[in-house]
>>> print(open('start-v3.cif').read())   # mmCIF, C-alpha atoms
data_structure
loop_
_atom_site.label_atom_id
_atom_site.label_comp_id
_atom_site.auth_asym_id
_atom_site.auth_seq_id
_atom_site.Cartn_x
_atom_site.Cartn_y
_atom_site.Cartn_z
CA MET A 1 -14.90 -12.90 21.37
CA GLU A 2 -11.39 -11.71 22.15
CA ASN A 3 -9.09 -12.31 25.11
CA SER A 4 -5.81 -10.44 25.46
CA ASP A 5 -3.05 -10.26 28.05
CA LEU A 6 0.53 -9.00 28.17
CA TRP A 7 1.86 -11.93 26.17
CA TYR A 8 -0.88 -13.22 23.87
CA ASN A 9 -3.88 -12.02 21.89
CA CYS A 10 -6.54 -14.67 21.42
CA ARG A 11 -9.70 -14.54 19.33
CA PHE A 12 -12.45 -17.14 19.30
CA ASP A 13 -13.29 -18.36 15.79
CA ASN A 14 -17.01 -19.03 15.51
CA PHE A 15 -16.57 -21.18 12.41
CA THR A 16 -14.09 -23.68 13.87
CA GLY A 17 -15.00 -23.30 17.54
CA THR A 18 -11.36 -22.82 18.55
CA TRP A 19 -9.20 -20.07 20.01
CA LEU A 20 -6.67 -18.50 17.65
CA CYS A 21 -3.74 -17.01 19.56
CA ALA A 22 -0.75 -14.93 18.51
CA SER A 23 2.08 -13.39 20.48
CA SER A 24 1.80 -9.72 21.31
CA LYS A 25 4.07 -7.47 19.31
CA GLU A 26 7.06 -6.37 21.35
CA THR A 27 7.53 -2.69 22.16
CA GLU A 28 9.66 -0.97 24.80
CA TRP A 29 6.67 -0.16 26.98
CA ILE A 30 5.08 -3.59 26.82
CA GLN A 31 8.44 -5.15 27.69
CA ALA A 32 8.76 -2.84 30.69
CA VAL A 33 5.29 -3.83 31.89
CA GLN A 34 6.08 -7.52 31.39
CA VAL A 35 9.35 -7.29 33.37
CA LEU A 36 7.72 -5.40 36.23
CA MET A 37 4.87 -7.89 36.49
CA VAL A 38 7.31 -10.81 36.51
CA LEU A 39 9.31 -9.13 39.28
CA SER A 40 6.09 -8.57 41.21
CA VAL A 41 5.29 -12.28 41.02
CA VAL A 42 8.85 -13.17 42.07
CA PHE A 43 8.75 -10.89 45.11
CA SER A 44 5.32 -12.22 46.08
CA SER A 45 6.53 -15.82 45.78
CA VAL A 46 9.65 -15.13 47.83
CA SER A 47 7.56 -13.36 50.44
CA PHE A 48 5.21 -16.33 50.72
CA LEU A 49 8.03 -18.88 51.04
CA VAL A 50 9.87 -16.80 53.62
CA PHE A 51 6.65 -16.34 55.55
CA LEU A 52 6.15 -20.11 55.71
CA GLY A 53 9.72 -20.58 56.91
CA GLN A 54 9.44 -17.88 59.54
CA LEU A 55 6.28 -19.44 60.95
CA PHE A 56 8.36 -22.38 62.19
CA THR A 57 11.70 -20.71 62.89
CA MET A 58 10.91 -17.26 64.22
CA SER A 59 10.99 -16.76 67.96
CA LYS A 60 7.91 -15.64 69.81
CA GLY A 61 7.24 -11.92 69.39
CA GLY A 62 9.34 -11.61 66.22
CA LEU A 63 8.22 -9.47 63.29
CA PHE A 64 8.04 -10.39 59.61
CA TYR A 65 10.34 -7.63 58.37
CA PHE A 66 11.71 -9.43 55.33
CA THR A 67 8.30 -10.77 54.33
CA GLY A 68 6.80 -7.31 54.58
CA LEU A 69 9.67 -5.80 52.59
CA CYS A 70 9.13 -8.31 49.78
CA GLN A 71 5.42 -7.50 49.75
CA VAL A 72 6.21 -3.79 49.50
CA PHE A 73 8.50 -4.40 46.52
CA ALA A 74 5.88 -6.64 44.88
CA GLY A 75 3.27 -3.93 45.28
CA LEU A 76 5.59 -1.26 43.89
CA MET A 77 6.37 -3.43 40.86
CA ALA A 78 2.67 -4.04 40.14
CA PHE A 79 1.83 -0.37 40.70
CA SER A 80 4.62 0.77 38.36
CA ALA A 81 3.48 -1.68 35.67
CA ALA A 82 -0.12 -0.48 35.94
CA LEU A 83 1.04 3.14 35.82
CA ILE A 84 3.12 2.59 32.67
CA TYR A 85 0.30 0.66 31.01
CA THR A 86 -2.16 3.45 31.80
CA LEU A 87 0.05 6.33 30.69
CA HIS A 88 1.31 4.65 27.51
CA ASN A 89 -1.74 2.66 26.46
CA LYS A 90 -1.80 4.39 23.05
CA GLU A 91 1.67 3.03 22.29
CA ILE A 92 0.93 -0.40 23.76
CA LEU A 93 -2.57 -1.22 22.52
CA PRO A 94 -2.15 -0.62 18.74
CA SER A 95 0.95 -2.82 18.80
CA SER A 96 -0.45 -5.56 20.99
CA LYS A 97 -3.87 -5.83 19.34
CA GLU A 98 -4.39 -6.45 15.66
CA LEU A 99 -7.34 -4.10 15.41
CA THR A 100 -7.25 -4.02 11.61
CA SER A 101 -7.61 -7.80 11.34
CA GLY A 102 -11.03 -7.82 12.97
CA HIS A 103 -14.30 -8.20 11.14
CA PHE A 104 -17.85 -6.98 11.54
CA GLY A 105 -20.19 -9.21 13.51
CA TYR A 106 -23.39 -10.53 11.96
CA CYS A 107 -25.64 -8.40 14.15
CA PHE A 108 -23.73 -5.28 13.15
CA ILE A 109 -24.22 -6.10 9.46
CA LEU A 110 -27.95 -6.71 9.89
CA ALA A 111 -28.28 -3.47 11.85
CA TRP A 112 -26.35 -1.65 9.10
CA ILE A 113 -28.71 -2.96 6.41
CA TYR A 114 -31.81 -2.11 8.44
CA TYR A 115 -30.89 1.45 9.37
CA ALA A 116 -29.32 2.23 5.98
CA SER A 117 -32.44 1.01 4.16
CA GLU A 118 -34.62 3.08 6.48
CA GLU A 119 -32.51 6.19 5.92
CA TYR A 120 -31.41 5.86 2.29
CA GLY A 121 -33.61 3.13 0.78
CA LEU A 122 -32.95 -0.42 -0.37
CA ASP A 123 -31.33 0.71 -3.64
CA SER A 124 -28.77 2.98 -1.98
CA THR A 125 -25.05 2.36 -2.28
CA VAL A 126 -24.83 2.85 1.49
CA THR A 127 -27.19 -0.08 2.02
CA CYS A 128 -25.07 -2.05 -0.44
CA ASP A 129 -22.17 -1.88 1.99
CA GLY A 130 -24.18 -4.13 4.30
CA TYR A 131 -24.96 -6.54 1.45
CA PHE A 132 -21.26 -6.66 0.63
CA PHE A 133 -20.24 -7.46 4.21
CA MET A 134 -22.94 -10.12 4.42
CA ALA A 135 -21.66 -11.67 1.19
CA ASP A 136 -18.22 -11.89 2.77
CA VAL A 137 -19.73 -13.83 5.68
CA PHE A 138 -21.35 -16.37 3.36
CA ALA A 139 -18.17 -16.62 1.28
CA LYS A 140 -16.23 -17.68 4.39
CA GLN A 141 -18.89 -20.33 5.02
CA GLY A 142 -18.49 -21.65 1.48
CA LYS A 143 -22.03 -20.68 0.41
CA MET A 144 -21.04 -19.35 -3.00
CA SER A 145 -24.53 -19.20 -4.50
CA ILE A 146 -25.70 -16.80 -1.78
CA THR A 147 -22.46 -14.84 -2.08
CA ARG A 148 -22.98 -14.41 -5.80
CA SER A 149 -26.57 -13.34 -5.30
CA LEU A 150 -25.55 -10.62 -2.84
CA TYR A 151 -22.65 -9.51 -5.03
CA SER A 152 -25.05 -9.29 -7.96
CA ALA A 153 -27.37 -7.00 -5.97
CA VAL A 154 -24.42 -4.78 -5.03
CA ALA A 155 -23.19 -4.64 -8.63
CA HIS A 156 -26.61 -3.72 -10.06
CA THR A 157 -27.10 -0.96 -7.49
CA TRP A 158 -23.68 0.53 -8.17
CA HIS A 159 -24.25 0.21 -11.92
CA CYS A 160 -27.49 2.20 -11.76
CA HIS A 161 -25.88 4.80 -9.49
CA LEU A 162 -22.81 5.26 -11.69
CA THR A 163 -24.89 5.33 -14.88
CA GLU A 164 -26.86 8.27 -13.50
CA LEU A 165 -23.66 10.04 -12.47
CA LEU A 166 -22.15 9.45 -15.90
CA HIS A 167 -25.24 10.82 -17.63
CA THR A 168 -25.11 13.96 -15.46
CA HIS A 169 -21.38 14.28 -16.06
CA VAL A 170 -21.80 14.14 -19.85
CA GLN A 171 -24.63 16.68 -19.74
CA PHE A 172 -22.41 19.13 -17.90
CA PHE A 173 -19.64 18.45 -20.40
CA GLN A 174 -21.96 19.36 -23.25
CA ASN A 175 -22.99 22.57 -21.48
CA PRO A 176 -19.75 24.29 -20.41
CA ASP A 177 -21.65 27.29 -19.08
CA GLU A 178 -23.05 25.11 -16.32
CA LEU A 179 -21.07 24.56 -13.12
CA LEU A 180 -19.75 21.02 -12.87
CA GLU A 181 -20.27 19.98 -9.28
CA PRO A 182 -18.49 16.97 -7.75
CA SER A 183 -20.50 13.84 -8.42
CA TYR A 184 -19.44 12.00 -5.27
CA ASP A 185 -16.96 12.31 -2.46
CA LYS A 186 -13.55 10.66 -2.38
CA GLY A 187 -14.50 8.37 0.48
CA ARG A 188 -17.39 6.79 -1.40
CA ARG A 189 -15.21 6.43 -4.50
CA ALA A 190 -12.56 4.53 -2.53
CA GLU A 191 -15.14 2.28 -0.88
CA GLY A 192 -16.85 1.59 -4.19
CA ASP A 193 -13.56 0.83 -5.90
CA GLU A 194 -12.58 -1.64 -3.17
CA MET A 195 -15.92 -3.45 -3.25
CA LEU A 196 -16.10 -3.62 -7.04
CA ARG A 197 -12.52 -4.86 -7.35
CA THR A 198 -13.21 -7.56 -4.77
CA MET A 199 -16.28 -8.71 -6.68
CA LEU A 200 -14.41 -8.68 -9.99
CA GLU A 201 -11.57 -10.77 -8.55
CA PHE A 202 -14.12 -13.15 -7.03
CA GLU A 203 -15.70 -13.77 -10.43
CA GLN A 204 -12.42 -13.98 -12.34
CA ASP A 205 -10.92 -16.46 -9.86
CA ASN A 206 -14.04 -18.61 -9.75
CA SER A 207 -14.00 -21.80 -11.79
CA ARG A 208 -17.58 -21.10 -12.91
CA LYS A 209 -17.22 -17.63 -14.34
CA GLU A 210 -20.31 -15.57 -15.10
CA PRO A 211 -19.55 -13.23 -18.03
CA ALA A 212 -22.61 -11.09 -17.28
CA GLN A 213 -21.43 -10.34 -13.75
CA ILE A 214 -17.86 -9.69 -14.91
CA ALA A 215 -19.10 -7.31 -17.60
CA LEU A 216 -21.37 -5.48 -15.16
CA VAL A 217 -18.72 -5.05 -12.44
CA ALA A 218 -15.96 -4.10 -14.89
CA HIS A 219 -18.29 -1.55 -16.49
CA CYS A 220 -18.92 -0.07 -13.04
CA LEU A 221 -15.18 0.25 -12.45
CA ALA A 222 -14.71 1.84 -15.88
CA MET A 223 -17.39 4.44 -15.15
CA LEU A 224 -16.01 5.01 -11.66
CA TRP A 225 -12.50 5.77 -12.90
CA PHE A 226 -13.78 7.85 -15.81
CA LEU A 227 -15.66 10.05 -13.34
CA GLU A 228 -12.48 10.20 -11.27
CA GLY A 229 -10.57 11.41 -14.34
CA ASP A 230 -8.29 8.40 -14.83
CA ASN A 231 -8.89 7.54 -18.49
CA LEU A 232 -6.26 4.79 -18.61
CA LYS A 233 -7.95 2.78 -15.87
CA ALA A 234 -11.32 3.50 -17.44
CA LEU A 235 -10.09 2.06 -20.75
CA GLY A 236 -8.59 -0.97 -19.01
CA PHE A 237 -11.72 -1.91 -17.12
CA GLY A 238 -13.85 -0.96 -20.11
CA GLY A 239 -11.91 -3.40 -22.29
CA THR A 240 -12.47 -6.16 -19.74
CA ALA A 241 -16.17 -5.35 -19.63
CA LEU A 242 -16.50 -5.32 -23.43
CA GLN A 243 -14.74 -8.66 -23.78
CA ALA A 244 -17.03 -10.28 -21.21
CA SER A 245 -20.18 -8.64 -22.60
CA GLN A 246 -19.63 -10.25 -25.99
CA LEU A 247 -20.33 -13.62 -24.35
CA ILE A 248 -23.81 -12.65 -23.15
CA PRO A 249 -27.04 -11.92 -25.05
CA ASN A 250 -27.61 -8.55 -23.32
CA ARG A 251 -26.78 -6.15 -26.14
CA ASP A 252 -27.85 -3.09 -24.15
CA LEU A 253 -24.94 -3.55 -21.77
CA THR A 254 -22.54 -4.05 -24.67
CA GLU A 255 -23.70 -0.82 -26.31
CA ALA A 256 -23.34 1.08 -23.04
CA ILE A 257 -19.79 -0.19 -22.63
CA ARG A 258 -18.89 0.73 -26.20
CA GLY A 259 -20.37 4.18 -25.72
CA LEU A 260 -18.22 4.73 -22.64
CA LEU A 261 -15.07 3.55 -24.42
CA GLN A 262 -15.78 5.85 -27.36
CA LEU A 263 -16.31 8.75 -24.97
CA VAL A 264 -13.02 8.10 -23.18
CA GLN A 265 -11.12 7.72 -26.46
CA SER A 266 -12.62 10.94 -27.82
CA LEU A 267 -11.43 12.83 -24.74
CA GLN A 268 -7.94 11.46 -25.23
CA THR A 269 -7.71 12.36 -28.91
CA GLY A 270 -9.60 15.65 -29.00
CA PRO A 271 -11.17 18.45 -26.97
CA PRO A 272 -14.09 17.67 -24.66
CA PRO A 273 -17.56 17.77 -26.22
CA GLY A 274 -19.03 21.24 -26.20
CA SER A 275 -15.69 22.99 -25.67
CA GLY A 276 -15.68 24.40 -29.18
#
>>> encode(input="start-v3.cif", output="structure tokens")
Amino acid sequence: MENSDLWYNCRFDNFTGTWLCASSKETEWIQAVQVLMVLSVVFSSVSFLVFLGQLFTMSKGGLFYFTGLCQVFAGLMAFSAALIYTLHNKEILPSSKELTSGHFGYCFILAWIYYASEEYGLDSTVTCDGYFFMADVFAKQGKMSITRSLYSAVAHTWHCHLTELLHTHVQFFQNPDELLEPSYDKGRRAEGDEMLRTMLEFEQDNSRKEPAQIALVAHCLAMLWFLEGDNLKALGFGGTALQASQLIPNRDLTEAIRGLLQLVQSLQTGPPPGSG
């Protein structure tokens, strides 16, 4: 729930049950609207006080000229403020409302998961966006076990998706006569990078680190940046993944990470496979 006026923006925090308010950012147009509205209130107040005085002092048959004049000025001030606010709302609203600091509501996240799973399936990276947002909700509530469970589901889905893309990418590399089509769009790459980095930082900053999750997420990031063509980042995340994987009994993941690192290093030191 949000409540905004010309001076303050307030948002109701469901977790604490309190209103969080901040001053509106000052711009030339918002200042003009504020001044005009203050003048409107001043003229209205003066008009009311003068009207009360004239009720007892004015002679019979007299007219309220000054009172009416103040009311006219008050109306003009309010009309001008409304006109400026209407014509320049694009300049006023982005500055007065912190739209980027908002967050998705719970119902929106549940609806996202439902419709994405209906359209793309439960194992889709699009559906994983909903899992990721839901994990953020539980993280704010301090329910770390649920957060980790959701992050784990997101990481496994992205790992399977990127493994398939990597396999296709290598096949095209080995067959240069084939046309190498883009594996994914830039938007999905950016979203995936942001989610995976957030999950990796969550695990690395946690006092109870899980090497398996760190290795899985770092391997995802290494594959993601390899597909993007940034071998340095791929090597960096791959090294993190390899170091964490040596602390877990899952040797398949370790071998996959080593294979990716060898592939990246071979591309840096020699021609791509199949180019000869």
>>> atom_distance(input="start-v3.cif", atom1="atom CA of A:Ala82", atom2="atom CA of A:Phe48")
22.3 Å
>>> resolve_selection(input="start-v3.cif", expression="the PyMOL selection byres ((chain A and resi 146-161) around 6)", output="mmCIF file with C-alpha atoms, in the coordinates of the input")
data_model
loop_
_atom_site.group_PDB
_atom_site.id
_atom_site.type_symbol
_atom_site.label_atom_id
_atom_site.label_comp_id
_atom_site.auth_asym_id
_atom_site.auth_seq_id
_atom_site.Cartn_x
_atom_site.Cartn_y
_atom_site.Cartn_z
ATOM 1 C CA ASP A 123 -31.330 0.710 -3.640
ATOM 2 C CA CYS A 128 -25.070 -2.050 -0.440
ATOM 3 C CA TYR A 131 -24.960 -6.540 1.450
ATOM 4 C CA ALA A 135 -21.660 -11.670 1.190
ATOM 5 C CA PHE A 138 -21.350 -16.370 3.360
ATOM 6 C CA ALA A 139 -18.170 -16.620 1.280
ATOM 7 C CA LYS A 143 -22.030 -20.680 0.410
ATOM 8 C CA MET A 144 -21.040 -19.350 -3.000
ATOM 9 C CA SER A 145 -24.530 -19.200 -4.500
ATOM 10 C CA LEU A 162 -22.810 5.260 -11.690
ATOM 11 C CA THR A 163 -24.890 5.330 -14.880
ATOM 12 C CA GLU A 164 -26.860 8.270 -13.500
ATOM 13 C CA VAL A 217 -18.720 -5.050 -12.440
ATOM 14 C CA CYS A 220 -18.920 -0.070 -13.040
#
>>> residues_around(input="start-v3.cif", residues="A:Tyr85", least_positions_apart="4", cutoff="10 Å", atoms="all atoms listed in the file", output="list in words")
Trp29, Ile30, Ala32, Val33, Phe79, Ser80, Ala81, Asn89, Lys90, Glu91, Ile92 and Leu93 of chain A
>>> atom_distance(input="start-v3.cif", atom1="atom CA of A:Ser40", atom2="atom CA of A:Met77")
5.2 Å
>>> atom_distance(input="start-v3.cif", atom1="atom CA of A:Lys60", atom2="atom CA of A:Ala74")
26.6 Å
>>> residues_around(input="start-v3.cif", residues="A:Gly192", least_positions_apart="5", cutoff="9 Å", atoms="all atoms listed in the file", output="VMD selection string")
chain A and resid 125 129 158 187 197 221 224
>>> write_last_selection(input="start-v3.cif", atoms="C-alpha atoms", output="PDB file, keeping the file's coordinate frame")
ATOM      1  CA  THR A 125     -25.050   2.360  -2.280  1.00  0.00           C
ATOM      2  CA  ASP A 129     -22.170  -1.880   1.990  1.00  0.00           C
ATOM      3  CA  TRP A 158     -23.680   0.530  -8.170  1.00  0.00           C
ATOM      4  CA  GLY A 187     -14.500   8.370   0.480  1.00  0.00           C
ATOM      5  CA  ARG A 197     -12.520  -4.860  -7.350  1.00  0.00           C
ATOM      6  CA  LEU A 221     -15.180   0.250 -12.450  1.00  0.00           C
ATOM      7  CA  LEU A 224     -16.010   5.010 -11.660  1.00  0.00           C
TER       8      LEU A 224
END
>>> resolve_selection(input="start-v3.cif", expression="the PyMOL selection byres ((chain A and resi 51) around 12)", output="list in words")
Phe43, Ser44, Ser45, Val46, Ser47, Phe48, Leu49, Val50, Leu52, Gly53, Gln54, Leu55, Phe56, Thr57, Met58, Gly62, Leu63, Phe64, Tyr65, Phe66, Thr67, Gly68, Leu69, Cys70 and Gln71 of chain A
>>> residues_around(input="start-v3.cif", residues="A:Thr240", least_positions_apart="5", cutoff="9 Å", atoms="all atoms listed in the file", output="VMD selection string")
chain A and resid 214 to 215 218 to 219 235 245
>>> closest_residue(input="start-v3.cif", among="A:Met223, A:Asp205, A:Ala116, A:Pro211", to="A:Ile257", atoms="only C-alpha atoms")
A:Met223
>>> axis_aligned_box(input="start-v3.cif", around="stretch 138-143 of chain A", padding_each_side="4 Å", output="lines of an AutoDock Vina configuration file")
center_x = -19.1
center_y = -19.0
center_z = 2.7
size_x = 13.8
size_y = 13.3
size_z = 12.6
>>> closest_residue(input="start-v3.cif", among="A:Ala222, A:Val170, A:Ala78, A:Cys107", to="A:Val42", atoms="only C-alpha atoms")
A:Ala78
>>> build_atoms(input="start-v3.cif", residues="stretch 46-82 of chain A", atoms="N, CA and C atoms", output="short mmCIF file (atom, residue, chain, number, x, y, z; two decimals), in the frame of the given file")
data_model
loop_
_atom_site.label_atom_id
_atom_site.label_comp_id
_atom_site.auth_asym_id
_atom_site.auth_seq_id
_atom_site.Cartn_x
_atom_site.Cartn_y
_atom_site.Cartn_z
N VAL A 46 8.61 -15.11 46.79
CA VAL A 46 9.65 -15.13 47.83
C VAL A 46 9.06 -14.77 49.19
N SER A 47 8.20 -13.77 49.19
CA SER A 47 7.56 -13.36 50.44
C SER A 47 6.76 -14.49 51.05
N PHE A 48 6.02 -15.23 50.21
CA PHE A 48 5.21 -16.33 50.72
C PHE A 48 6.07 -17.45 51.28
N LEU A 49 7.15 -17.80 50.57
CA LEU A 49 8.03 -18.88 51.04
C LEU A 49 8.74 -18.50 52.33
N VAL A 50 9.21 -17.25 52.39
CA VAL A 50 9.87 -16.80 53.62
C VAL A 50 8.89 -16.77 54.79
N PHE A 51 7.67 -16.37 54.50
CA PHE A 51 6.65 -16.34 55.55
C PHE A 51 6.41 -17.73 56.12
N LEU A 52 6.34 -18.74 55.23
CA LEU A 52 6.15 -20.11 55.71
C LEU A 52 7.33 -20.56 56.57
N GLY A 53 8.55 -20.19 56.13
CA GLY A 53 9.72 -20.58 56.91
C GLY A 53 9.77 -19.90 58.26
N GLN A 54 9.39 -18.62 58.28
CA GLN A 54 9.44 -17.88 59.54
C GLN A 54 8.39 -18.34 60.54
N LEU A 55 7.31 -18.94 60.03
CA LEU A 55 6.28 -19.44 60.95
C LEU A 55 6.83 -20.51 61.89
N PHE A 56 7.82 -21.28 61.39
CA PHE A 56 8.36 -22.38 62.19
C PHE A 56 9.70 -22.04 62.85
N THR A 57 10.36 -21.01 62.37
CA THR A 57 11.70 -20.71 62.89
C THR A 57 11.76 -19.44 63.71
N MET A 58 10.83 -18.54 63.52
CA MET A 58 10.91 -17.26 64.22
C MET A 58 10.54 -17.43 65.69
N SER A 59 11.27 -16.72 66.52
CA SER A 59 10.99 -16.76 67.96
C SER A 59 9.71 -15.99 68.28
N LYS A 60 9.15 -16.28 69.41
CA LYS A 60 7.91 -15.64 69.81
C LYS A 60 8.09 -14.14 69.95
N GLY A 61 7.17 -13.37 69.35
CA GLY A 61 7.24 -11.92 69.39
C GLY A 61 8.01 -11.30 68.24
N GLY A 62 8.59 -12.13 67.35
CA GLY A 62 9.34 -11.61 66.22
C GLY A 62 8.43 -11.00 65.16
N LEU A 63 8.98 -10.15 64.34
CA LEU A 63 8.22 -9.47 63.29
C LEU A 63 8.68 -9.95 61.91
N PHE A 64 7.76 -9.92 60.97
CA PHE A 64 8.04 -10.39 59.61
C PHE A 64 8.58 -9.24 58.76
N TYR A 65 9.78 -8.78 59.10
CA TYR A 65 10.34 -7.63 58.37
C TYR A 65 10.63 -7.98 56.91
N PHE A 66 11.32 -9.08 56.69
CA PHE A 66 11.71 -9.43 55.33
C PHE A 66 10.49 -9.75 54.46
N THR A 67 9.53 -10.45 55.06
CA THR A 67 8.30 -10.77 54.33
C THR A 67 7.56 -9.49 53.93
N GLY A 68 7.47 -8.57 54.88
CA GLY A 68 6.80 -7.31 54.58
C GLY A 68 7.53 -6.50 53.52
N LEU A 69 8.87 -6.54 53.58
CA LEU A 69 9.67 -5.80 52.59
C LEU A 69 9.45 -6.37 51.18
N CYS A 70 9.39 -7.69 51.09
CA CYS A 70 9.13 -8.31 49.78
C CYS A 70 7.74 -7.95 49.25
N GLN A 71 6.77 -7.88 50.16
CA GLN A 71 5.42 -7.50 49.75
C GLN A 71 5.37 -6.05 49.26
N VAL A 72 6.15 -5.19 49.93
CA VAL A 72 6.21 -3.79 49.50
C VAL A 72 6.80 -3.69 48.10
N PHE A 73 7.90 -4.43 47.85
CA PHE A 73 8.50 -4.40 46.52
C PHE A 73 7.55 -4.98 45.46
N ALA A 74 6.84 -6.04 45.81
CA ALA A 74 5.88 -6.64 44.88
C ALA A 74 4.78 -5.64 44.53
N GLY A 75 4.30 -4.93 45.54
CA GLY A 75 3.27 -3.93 45.28
C GLY A 75 3.77 -2.78 44.43
N LEU A 76 5.01 -2.35 44.69
CA LEU A 76 5.59 -1.26 43.89
C LEU A 76 5.77 -1.69 42.43
N MET A 77 6.20 -2.94 42.22
CA MET A 77 6.37 -3.43 40.86
C MET A 77 5.03 -3.44 40.12
N ALA A 78 3.99 -3.97 40.77
CA ALA A 78 2.67 -4.04 40.14
C ALA A 78 2.11 -2.64 39.89
N PHE A 79 2.32 -1.74 40.86
CA PHE A 79 1.83 -0.37 40.70
C PHE A 79 2.54 0.33 39.54
N SER A 80 3.85 0.14 39.44
CA SER A 80 4.62 0.77 38.36
C SER A 80 4.17 0.23 37.00
N ALA A 81 3.93 -1.09 36.93
CA ALA A 81 3.48 -1.68 35.67
C ALA A 81 2.12 -1.12 35.26
N ALA A 82 1.21 -1.03 36.23
CA ALA A 82 -0.12 -0.48 35.94
C ALA A 82 -0.04 0.98 35.52
#
